[in-house]
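Just data-v5.txt here, compact mmCIF, C-alpha atoms:
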# COMPACT_ATOMS: atom_id res chain seq x y z
CA MET A 17 6.06 -8.03 -105.36
CA LEU A 18 3.41 -8.45 -102.71
CA SER A 19 2.91 -12.09 -103.56
CA LYS A 20 6.67 -12.68 -103.35
CA SER A 21 6.86 -11.25 -99.84
CA TRP A 22 3.83 -13.28 -98.78
CA GLY A 23 5.49 -16.33 -100.25
CA GLY A 24 8.55 -15.70 -98.12
CA VAL A 25 6.43 -15.26 -95.00
CA LEU A 26 4.58 -18.48 -95.78
CA ALA A 27 7.83 -20.36 -96.31
CA LEU A 28 9.18 -19.07 -92.98
CA ALA A 29 5.93 -19.95 -91.21
CA LEU A 30 6.07 -23.48 -92.64
CA LEU A 31 9.72 -23.83 -91.67
CA PHE A 32 9.19 -22.71 -88.07
CA GLY A 33 5.67 -24.03 -87.65
CA ASN A 34 6.58 -27.57 -88.58
CA GLY A 35 9.96 -27.72 -86.89
CA VAL A 36 9.39 -31.13 -85.28
CA THR A 37 8.22 -32.70 -88.51
CA THR A 38 11.14 -31.21 -90.43
CA LEU A 39 13.62 -32.53 -87.91
CA ALA A 40 12.00 -35.94 -87.85
CA ALA A 41 11.70 -36.26 -91.61
CA ASP A 42 15.13 -37.90 -91.93
CA TYR A 43 14.56 -40.32 -89.06
CA PRO A 44 14.28 -43.81 -90.55
CA LEU A 45 12.24 -45.34 -87.72
CA ARG A 46 9.46 -42.75 -87.89
CA ALA A 47 6.05 -44.49 -88.21
CA HIS A 48 7.68 -47.86 -87.40
CA ALA A 49 7.12 -50.00 -84.32
CA ALA A 50 9.33 -48.81 -81.46
CA PRO A 51 12.07 -51.41 -80.82
CA ASP A 52 11.36 -53.15 -77.54
CA PHE A 53 13.94 -53.10 -74.77
CA ALA A 54 14.43 -54.03 -71.14
CA LEU A 55 16.79 -51.89 -69.07
CA ARG A 56 17.73 -51.43 -65.45
CA ALA A 57 16.64 -48.20 -63.81
CA PHE A 58 18.95 -46.46 -61.38
CA ASN A 59 16.25 -46.86 -58.72
CA GLY A 60 16.58 -50.65 -59.00
CA ASP A 61 13.52 -51.66 -61.03
CA ASN A 62 13.70 -53.12 -64.49
CA VAL A 63 11.70 -51.52 -67.27
CA ARG A 64 10.36 -53.09 -70.45
CA LEU A 65 8.93 -50.79 -73.11
CA SER A 66 6.30 -53.25 -74.37
CA GLU A 67 4.62 -53.18 -70.95
CA HIS A 68 3.58 -49.61 -71.67
CA ARG A 69 1.26 -50.24 -74.58
CA GLY A 70 -1.73 -47.95 -74.14
CA GLU A 71 0.42 -45.16 -72.77
CA VAL A 72 2.27 -42.43 -74.59
CA VAL A 73 5.97 -43.00 -73.93
CA LEU A 74 8.61 -40.34 -74.25
CA LEU A 75 12.20 -41.57 -74.39
CA SER A 76 14.90 -39.03 -73.73
CA PHE A 77 18.45 -40.04 -74.60
CA TRP A 78 21.04 -38.15 -72.59
CA SER A 79 24.65 -38.08 -71.55
CA SER A 80 26.52 -36.27 -68.81
CA ARG A 81 28.78 -34.67 -71.42
CA CYS A 82 25.82 -32.98 -73.12
CA SER A 83 25.15 -29.60 -71.53
CA SER A 84 21.66 -29.03 -72.98
CA CYS A 85 20.55 -32.46 -71.68
CA ARG A 86 20.30 -30.96 -68.17
CA GLY A 87 17.82 -28.29 -69.23
CA GLN A 88 15.89 -30.78 -71.26
CA LEU A 89 15.56 -33.30 -68.42
CA GLU A 90 14.32 -30.56 -66.10
CA ALA A 91 11.75 -29.48 -68.69
CA LEU A 92 10.73 -33.11 -69.21
CA ASN A 93 10.24 -33.51 -65.49
CA ARG A 94 7.71 -30.65 -65.51
CA THR A 95 6.00 -32.20 -68.54
CA PHE A 96 5.88 -35.60 -66.83
CA LEU A 97 4.37 -34.19 -63.64
CA THR A 98 1.73 -32.36 -65.68
CA TYR A 99 0.69 -35.14 -68.05
CA ARG A 100 1.37 -38.44 -66.26
CA SER A 101 -2.24 -38.64 -65.10
CA ALA A 102 -3.26 -38.44 -68.77
CA GLY A 103 -1.19 -41.52 -69.60
CA LEU A 104 2.29 -40.18 -70.22
CA GLN A 105 5.35 -42.20 -69.26
CA VAL A 106 8.81 -40.66 -69.54
CA TYR A 107 12.11 -42.53 -69.47
CA GLY A 108 15.54 -40.99 -69.51
CA ILE A 109 18.04 -43.34 -71.16
CA SER A 110 21.72 -42.82 -70.53
CA VAL A 111 24.08 -43.00 -73.50
CA GLU A 112 27.13 -43.15 -71.29
CA GLY A 113 29.96 -45.64 -71.14
CA SER A 114 30.54 -45.25 -67.42
CA GLU A 115 27.80 -46.37 -65.05
CA ALA A 116 29.25 -44.29 -62.20
CA LEU A 117 29.16 -41.10 -64.28
CA ALA A 118 25.65 -41.82 -65.49
CA ARG A 119 24.43 -42.65 -61.98
CA GLY A 120 25.93 -39.44 -60.56
CA PHE A 121 24.37 -37.36 -63.31
CA ALA A 122 20.98 -39.06 -62.92
CA HIS A 123 20.89 -38.60 -59.14
CA ALA A 124 21.81 -34.92 -59.46
CA ARG A 125 18.83 -34.23 -61.72
CA HIS A 126 16.10 -35.05 -59.13
CA VAL A 127 13.57 -36.04 -61.77
CA ALA A 128 10.38 -37.93 -60.97
CA PHE A 129 10.59 -40.29 -63.95
CA PRO A 130 12.89 -43.34 -64.08
CA MET A 131 16.39 -42.92 -65.45
CA LEU A 132 17.63 -46.03 -67.23
CA PHE A 133 21.12 -47.27 -67.86
CA ASP A 134 21.97 -48.73 -71.26
CA PRO A 135 25.33 -50.40 -70.51
CA GLU A 136 26.08 -51.71 -73.97
CA GLU A 137 24.30 -48.87 -75.80
CA GLN A 138 22.12 -51.42 -77.56
CA VAL A 139 18.99 -49.33 -77.12
CA SER A 140 20.57 -46.17 -78.49
CA ARG A 141 21.79 -48.24 -81.45
CA SER A 142 18.37 -49.72 -82.07
CA TYR A 143 16.82 -46.22 -81.95
CA GLU A 144 19.58 -44.90 -84.20
CA VAL A 145 20.47 -42.09 -81.84
CA ASP A 146 22.86 -39.85 -83.75
CA SER A 147 22.82 -36.70 -81.64
CA LEU A 148 22.19 -35.65 -78.05
CA PRO A 149 19.85 -34.71 -76.59
CA MET A 150 17.25 -36.64 -78.50
CA ILE A 151 13.61 -37.29 -77.72
CA VAL A 152 11.55 -40.12 -79.22
CA LEU A 153 7.77 -40.01 -78.93
CA VAL A 154 5.98 -43.37 -78.97
CA ASP A 155 2.19 -43.43 -79.27
CA ARG A 156 -0.30 -45.63 -77.43
CA ASN A 157 0.04 -48.35 -80.10
CA GLY A 158 3.81 -48.57 -79.71
CA THR A 159 4.63 -46.71 -82.93
CA ILE A 160 7.32 -44.06 -83.14
CA ARG A 161 5.49 -40.89 -84.09
CA ASP A 162 8.08 -38.20 -83.83
CA ILE A 163 11.52 -37.31 -82.64
CA GLN A 164 13.25 -34.16 -81.58
CA ARG A 165 16.93 -33.51 -81.75
CA ASP A 166 18.59 -30.73 -79.75
CA PHE A 167 16.69 -28.68 -77.17
CA THR A 168 15.48 -25.09 -77.30
CA ALA A 169 12.44 -23.34 -75.83
CA ARG A 170 10.85 -23.24 -79.28
CA ASP A 171 11.42 -26.97 -79.79
CA GLN A 172 9.85 -27.63 -76.41
CA ALA A 173 6.68 -25.81 -77.41
CA LEU A 174 6.56 -27.87 -80.61
CA TYR A 175 6.98 -31.23 -78.93
CA LEU A 176 4.44 -30.29 -76.27
CA ARG A 177 1.92 -29.65 -79.03
CA GLU A 178 2.79 -33.00 -80.56
CA LEU A 179 2.58 -34.70 -77.16
CA ARG A 180 -0.86 -33.26 -76.41
CA GLY A 181 -2.03 -34.54 -79.77
CA LEU A 182 -0.80 -38.05 -78.94
CA LEU A 183 -2.38 -38.00 -75.48
CA ASN A 184 -5.70 -37.01 -77.02
CA GLU A 185 -5.72 -39.93 -79.46
CA MET B 9 24.90 -27.73 -77.41
CA ARG B 10 24.30 -30.66 -79.72
CA VAL B 11 26.69 -33.59 -79.37
CA GLN B 12 27.16 -35.69 -82.48
CA ILE B 13 27.79 -39.37 -81.85
CA GLN B 14 28.32 -42.23 -84.25
CA VAL B 15 26.24 -45.30 -83.64
CA PRO B 16 26.18 -48.23 -86.08
CA ARG B 17 22.79 -49.26 -87.40
CA PRO B 18 21.28 -52.37 -85.84
CA SER B 19 20.86 -55.61 -87.67
CA GLY B 20 17.20 -56.55 -88.04
CA VAL B 21 15.62 -59.72 -86.75
CA ARG B 22 14.35 -61.57 -89.78
CA SER B 23 11.53 -63.48 -88.17
CA ALA B 24 10.15 -60.45 -86.34
CA ARG B 25 10.24 -58.38 -89.51
CA THR B 26 8.56 -61.13 -91.50
CA ARG B 27 5.77 -61.34 -88.97
CA GLN B 28 5.49 -57.57 -88.90
CA ALA B 29 5.20 -57.49 -92.69
CA VAL B 30 2.50 -60.15 -92.60
CA ILE B 31 0.61 -58.22 -89.92
CA CYS B 32 0.92 -55.06 -92.02
CA CYS B 33 -0.49 -56.88 -95.05
CA ALA B 34 -3.32 -58.28 -92.94
CA GLY B 35 -3.99 -54.79 -91.56
CA ALA B 36 -4.07 -53.37 -95.07
CA LEU B 37 -6.53 -56.08 -96.12
CA LEU B 38 -8.66 -55.27 -93.08
CA ALA B 39 -8.60 -51.57 -93.93
CA LEU B 40 -9.55 -52.32 -97.55
CA ALA B 41 -12.38 -54.56 -96.43
CA CYS B 42 -13.63 -51.90 -94.02
CA GLY B 43 -13.44 -49.30 -96.78
CA ALA B 44 -15.41 -51.54 -99.10
CA ALA B 45 -17.99 -52.18 -96.39
CA LEU B 46 -18.31 -48.46 -95.73
CA ALA B 47 -18.71 -47.80 -99.43
CA GLN B 48 -21.51 -50.35 -99.51
CA ALA B 49 -23.20 -48.98 -96.42
CA PRO B 50 -25.06 -46.06 -98.07
CA ALA B 51 -26.34 -48.41 -100.76
CA THR B 52 -27.89 -50.68 -98.15
CA SER B 53 -29.42 -47.81 -96.15
CA PRO B 54 -33.18 -47.35 -96.47
CA ALA B 55 -34.61 -45.15 -99.20
CA PRO B 56 -34.80 -41.43 -98.38
CA ALA B 57 -38.03 -40.04 -96.95
CA PRO B 58 -40.42 -38.15 -99.25
CA GLN B 59 -39.44 -34.59 -100.15
CA ALA B 60 -42.46 -33.25 -98.25
CA GLN B 61 -40.88 -34.16 -94.92
CA GLY B 62 -38.24 -31.48 -95.42
CA ALA B 63 -34.50 -31.31 -95.70
CA ALA B 64 -33.85 -32.29 -92.10
CA ALA B 65 -35.70 -35.53 -92.46
CA SER B 66 -33.89 -36.47 -95.66
CA ALA B 67 -30.52 -35.71 -94.06
CA SER B 68 -31.29 -38.04 -91.17
CA THR B 69 -32.24 -40.90 -93.49
CA GLU B 70 -28.89 -40.69 -95.32
CA ALA B 71 -27.08 -41.86 -92.18
CA PRO B 72 -26.79 -45.67 -91.85
CA SER B 73 -29.36 -47.28 -89.60
CA ASP B 74 -28.51 -49.13 -86.36
CA SER B 75 -28.83 -52.52 -88.03
CA ASP B 76 -26.38 -51.49 -90.77
CA THR B 77 -23.92 -50.20 -88.20
CA ARG B 78 -24.24 -53.45 -86.27
CA ALA B 79 -23.70 -55.51 -89.40
CA LEU B 80 -20.64 -53.44 -90.26
CA ASP B 81 -19.33 -53.86 -86.74
CA GLU B 82 -19.84 -57.63 -86.95
CA GLN B 83 -18.01 -57.73 -90.26
CA THR B 84 -15.12 -55.78 -88.78
CA GLN B 85 -14.96 -58.10 -85.76
CA ALA B 86 -14.99 -61.16 -88.03
CA LEU B 87 -12.15 -59.70 -90.08
CA LYS B 88 -10.18 -58.92 -86.92
CA LYS B 89 -10.64 -62.52 -85.78
CA ASP B 90 -9.42 -63.75 -89.17
CA VAL B 91 -6.33 -61.59 -88.85
CA VAL B 92 -5.62 -62.94 -85.35
CA ASP B 93 -6.11 -66.54 -86.56
CA LEU B 94 -3.85 -65.92 -89.53
CA ASN B 95 -1.19 -64.42 -87.29
CA ARG B 96 -1.35 -67.45 -84.98
CA ASP B 97 -1.05 -69.90 -87.89
CA LEU B 98 1.90 -67.97 -89.28
CA TYR B 99 3.54 -67.99 -85.87
CA VAL B 100 3.20 -71.78 -85.61
CA LEU B 101 4.50 -72.18 -89.16
CA GLU B 102 7.46 -69.92 -88.45
CA GLU B 103 8.32 -71.91 -85.32
CA GLU B 104 8.18 -75.18 -87.25
CA LEU B 105 10.42 -73.81 -89.97
CA LEU B 106 12.94 -72.08 -87.73
CA TYR B 107 13.12 -74.75 -85.04
CA PRO B 108 12.48 -78.20 -86.55
CA ALA B 109 11.59 -80.85 -84.00
CA ASN B 110 14.77 -82.82 -84.76
CA THR B 111 17.09 -80.12 -83.47
CA GLN B 112 14.82 -78.12 -81.19
CA VAL B 113 15.84 -77.29 -77.63
CA ALA B 114 13.58 -75.19 -75.43
CA VAL B 115 14.34 -73.86 -71.95
CA PHE B 116 11.52 -72.78 -69.65
CA LEU B 117 11.62 -70.90 -66.36
CA SER B 118 9.27 -71.23 -63.42
CA VAL B 119 9.23 -69.82 -59.90
CA ASP B 120 7.68 -71.53 -56.92
CA VAL B 121 6.97 -69.50 -53.77
CA GLY B 122 9.99 -67.19 -54.03
CA ASN B 123 9.95 -65.82 -50.48
CA PHE B 124 13.72 -65.92 -50.25
CA PHE B 125 14.57 -64.66 -53.69
CA ALA B 126 13.41 -61.71 -55.79
CA LEU B 127 14.33 -62.47 -59.38
CA ASP B 128 16.11 -59.76 -61.34
CA SER B 129 17.71 -61.48 -64.32
CA VAL B 130 18.72 -64.85 -65.75
CA GLN B 131 21.71 -65.49 -67.93
CA LEU B 132 21.67 -68.72 -69.90
CA LYS B 133 24.66 -70.40 -71.50
CA ILE B 134 24.65 -73.47 -73.67
CA ASP B 135 28.06 -75.03 -74.33
CA GLN B 136 29.71 -71.92 -72.85
CA LYS B 137 27.94 -69.62 -75.28
CA GLU B 138 25.46 -67.08 -73.97
CA VAL B 139 22.10 -67.67 -75.60
CA ALA B 140 19.80 -65.60 -73.39
CA ASN B 141 20.12 -62.78 -70.90
CA TYR B 142 16.75 -61.72 -69.64
CA LEU B 143 15.82 -58.86 -67.30
CA TYR B 144 12.59 -59.34 -65.37
CA THR B 145 10.26 -56.45 -64.64
CA PRO B 146 8.14 -56.47 -61.46
CA ARG B 147 5.06 -57.39 -63.53
CA GLU B 148 6.84 -60.39 -65.06
CA VAL B 149 8.00 -61.56 -61.64
CA ASP B 150 4.42 -61.28 -60.38
CA ALA B 151 3.22 -63.35 -63.32
CA LEU B 152 5.83 -66.04 -62.58
CA LEU B 153 4.88 -66.08 -58.90
CA LYS B 154 1.26 -66.62 -59.90
CA GLY B 155 2.26 -69.80 -61.70
CA GLY B 156 3.32 -68.50 -65.09
CA VAL B 157 5.99 -70.37 -67.03
CA GLN B 158 8.24 -68.44 -69.37
CA ARG B 159 9.86 -69.87 -72.44
CA LEU B 160 13.27 -68.34 -71.94
CA TYR B 161 14.96 -69.82 -74.97
CA ILE B 162 14.22 -71.83 -78.05
CA GLY B 163 16.93 -72.82 -80.49
CA ASN B 164 18.57 -75.59 -82.42
CA LEU B 165 21.24 -78.01 -81.24
CA LYS B 166 22.88 -80.97 -82.92
CA THR B 167 22.57 -84.41 -81.40
CA GLY B 168 25.12 -85.36 -78.75
CA PRO B 169 26.21 -84.18 -75.29
CA HIS B 170 25.65 -80.56 -74.27
CA GLU B 171 25.99 -78.49 -71.13
CA ILE B 172 23.60 -75.82 -69.96
CA VAL B 173 24.50 -73.25 -67.30
CA ALA B 174 22.07 -70.72 -65.83
CA PHE B 175 22.98 -67.78 -63.60
CA PHE B 176 20.23 -66.27 -61.48
CA THR B 177 20.62 -62.72 -60.22
CA GLY B 178 18.37 -60.94 -57.76
CA LYS B 179 17.81 -60.11 -54.13
CA GLY B 180 18.28 -62.96 -51.71
CA PRO B 181 17.48 -63.31 -48.00
CA ASN B 182 17.66 -60.00 -46.09
CA ALA B 183 17.45 -58.15 -49.43
CA ARG B 184 21.08 -58.83 -50.22
CA ASP B 185 22.37 -59.02 -53.79
CA TYR B 186 22.33 -62.67 -54.74
CA ARG B 187 23.82 -64.52 -57.69
CA ARG B 188 23.78 -68.29 -58.07
CA GLY B 189 24.39 -70.71 -60.86
CA ALA B 190 23.00 -74.08 -61.80
CA THR B 191 24.28 -76.49 -64.40
CA VAL B 192 23.19 -79.67 -66.09
CA LYS B 193 24.61 -81.90 -68.81
CA PHE B 194 22.23 -83.54 -71.20
CA ASP B 195 22.28 -85.69 -74.32
CA LYS B 196 20.39 -84.33 -77.27
CA SER B 197 18.90 -87.06 -79.39
CA ILE B 198 16.57 -86.83 -82.38
CA GLY B 199 13.45 -85.04 -81.26
CA ALA B 200 12.72 -81.83 -79.38
CA HIS B 201 14.38 -81.52 -75.96
CA TYR B 202 12.85 -79.55 -73.07
CA LEU B 203 14.53 -78.21 -69.93
CA GLU B 204 13.09 -76.25 -67.04
CA LEU B 205 14.87 -73.78 -64.75
CA LYS B 206 13.13 -73.95 -61.39
CA ILE B 207 13.46 -71.43 -58.59
CA ASP B 208 12.17 -72.77 -55.33
CA ASP B 209 12.47 -72.06 -51.63
CA ARG B 210 14.41 -74.32 -49.28
CA GLN B 211 12.33 -73.70 -46.19
CA HIS B 212 14.60 -75.47 -43.72
CA ALA B 213 17.67 -73.51 -44.84
CA LEU B 214 15.78 -70.25 -45.44
CA GLN B 215 17.51 -70.07 -48.80
CA PRO B 216 16.36 -70.14 -52.40
CA GLU B 217 17.06 -73.23 -54.47
CA PHE B 218 17.90 -73.28 -58.16
CA GLU B 219 17.46 -76.40 -60.19
CA ILE B 220 17.53 -77.39 -63.85
CA LYS B 221 15.03 -80.12 -64.61
CA ASP B 222 15.58 -82.14 -67.74
CA TRP B 223 12.22 -83.08 -69.21
CA GLY B 224 13.91 -84.91 -72.05
CA GLU B 225 11.95 -85.40 -75.25

Represent the structure of the file as structure tokens.
Amino acid sequence: MLSKSWGGVLALALLFGNGVTTLAADYPLRAHAAPDFALRAFNGDNVRLSEHRGEVVLLSFWSSRCSSCRGQLEALNRTFLTYRSAGLQVYGISVEGSEALARGFAHARHVAFPMLFDPEEQVSRSYEVDSLPMIVLVDRNGTIRDIQRDFTARDQALYLRELRGLLNE
Amino acid sequence: MRVQIQVPRPSGVRSARTRQAVICCAGALLALACGAALAQAPATSPAPAPQAQGAAASASTEAPSDSDTRALDEQTQALKKDVVDLNRDLYVLEEELLYPANTQVAVFLSVDVGNFFALDSVQLKIDQKEVANYLYTPREVDALLKGGVQRLYIGNLKTGPHEIVAFFTGKGPNARDYRRGATVKFDKSIGAHYLELKIDDRQHALQPEFEIKDWGE
């Protein structure tokens, strides 16, 4: 009886403790090279992912019609300000058909990291984005290490742990 | 709230995947070789010190010496060099197979001075079909301004007359949005054909100049 209850506790601990890994398990690009892209940022500069080898890159796919994207982008801004000196680069990538909508949403967020516009949604296709919000973590070698779908406070703690691990590599 | 969206899966690029697979194989070979070298390392380390010197002394002698570590490092570096050489040879081979000299057409881009134009993107059309659309990052523009030449496009074309059109987008004089086109008609014969897109400054007009130079075969 005792062992059964401990088994249940262990199963729950594994389920909650490895939330990021569980979510990322069905992601086909995990442990593959991150597809390269070049996109225009709303601030005017162009960004190419391959120029960030040696840095940990966090890609956040968002849309103005996704309510939890707002909270996530604000949380990511705090993360970026904390860890950018350690080699973290964050990019918000719009999955939005309308540039005007995306631009308005991006400007209203007041985030310190560049917000990119993906006009033909080629990047979201190449990263197989199937839900929003979605975060993709790319390590210093340009390999996709983990992803996170949806956004909750618990998920944030999990990806921060993962992120610290990548920054320490 | 989690929004579900349907996005079709991308089609892979065969050549890139092939190269990636080759690099993976080479990496695996490198890892195997390193593993084998590490396995050999204790065997080549000097014999342990006599028991009388105590446990601490024997523990220190089990670790590989500096010369062994150096030899292992040299082996690793040699293997890395082999992998790089192999990758280069495969790249050349892939280019020869994918773009045979008989049908090959290559378009290069260079920037000279560039005081009146800040390059943002180039769209390239051959026979009214878009073959390249390239966005330039500030680092790439810097590299071009320092004399770098970019191979913008390489592909295959049959012999005969063709038309190439290039559209240059960026910031022109007084930081205004600027878009200009340049076109050239050329005859493709047997043998590789090279063209160069040149961005230059027209000092007397205080304007940028866009030119397509046909280097022929």

- Between A:Glu115, A:Asp61, A:Asp52, A:Glu71, which is the closest to chain B once you count only C-alpha atoms? A:Asp61

- Message: Within 8 Å of chain B, which residues belong to chain A? Use only C-alpha atoms and report them as a list in words.
- Response: Ala54, Leu55, Arg56, Asp61, Asn62, Val63, Arg64, Cys82, Ser83, Ser84, Ser140, Arg141, Ser142, Glu144, Val145, Asp146, Ser147, Leu148, Pro149 and Asp166 of chain A

- So how far away is CA of Leu65 in chain A from CA of Glu112 in chain A, in Å?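 CA of Leu65 in chain A lies at a distance of 19.8 Å from CA of Glu112 in chain A.
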
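For the pair CA of Val113 in chain B and CA of Leu98 in chain B, the interatomic distance is 20.4 Å.
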
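Computed from the coordinates, the CA of Thr191 in chain B to CA of Ala151 in chain B distance equals 24.8 Å.
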
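Of the residues listed (A:Arg156, A:Arg46, A:His126, A:Arg119), A:Arg156 shows the shortest atom-to-atom separation from Ala102 in chain A; distances use all atoms listed in the file.
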
Residues near His48 in chain A, cut-off 10 Å, only C-alpha atoms, skip fewer than 6 positions along chain, as an mmCIF file with C-alpha atoms, in the frame of the given file:
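After the write, result.cif holds the following:
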data_model
loop_
_atom_site.group_PDB
_atom_site.id
_atom_site.type_symbol
_atom_site.label_atom_id
_atom_site.label_comp_id
_atom_site.auth_asym_id
_atom_site.auth_seq_id
_atom_site.Cartn_x
_atom_site.Cartn_y
_atom_site.Cartn_z
ATOM 1 C CA VAL A 154 5.980 -43.370 -78.970
ATOM 2 C CA GLY A 158 3.810 -48.570 -79.710
ATOM 3 C CA THR A 159 4.630 -46.710 -82.930
ATOM 4 C CA ILE A 160 7.320 -44.060 -83.140
ATOM 5 C CA ARG A 161 5.490 -40.890 -84.090
#

- Message: So that I can see what lies close to Pro169 in chain B, please list as a list of chain:residue names the residues with an atom at most 10 Å from it, counting only C-alpha atoms and leaving out residues fewer than 3 positions away in the same chain.
- Response: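 Residues near the query, excluding close chain neighbours: B:Asp135, B:Leu165, B:Lys166, B:Lys193, B:Phe194, B:Asp195, B:Lys196, B:Ser197.
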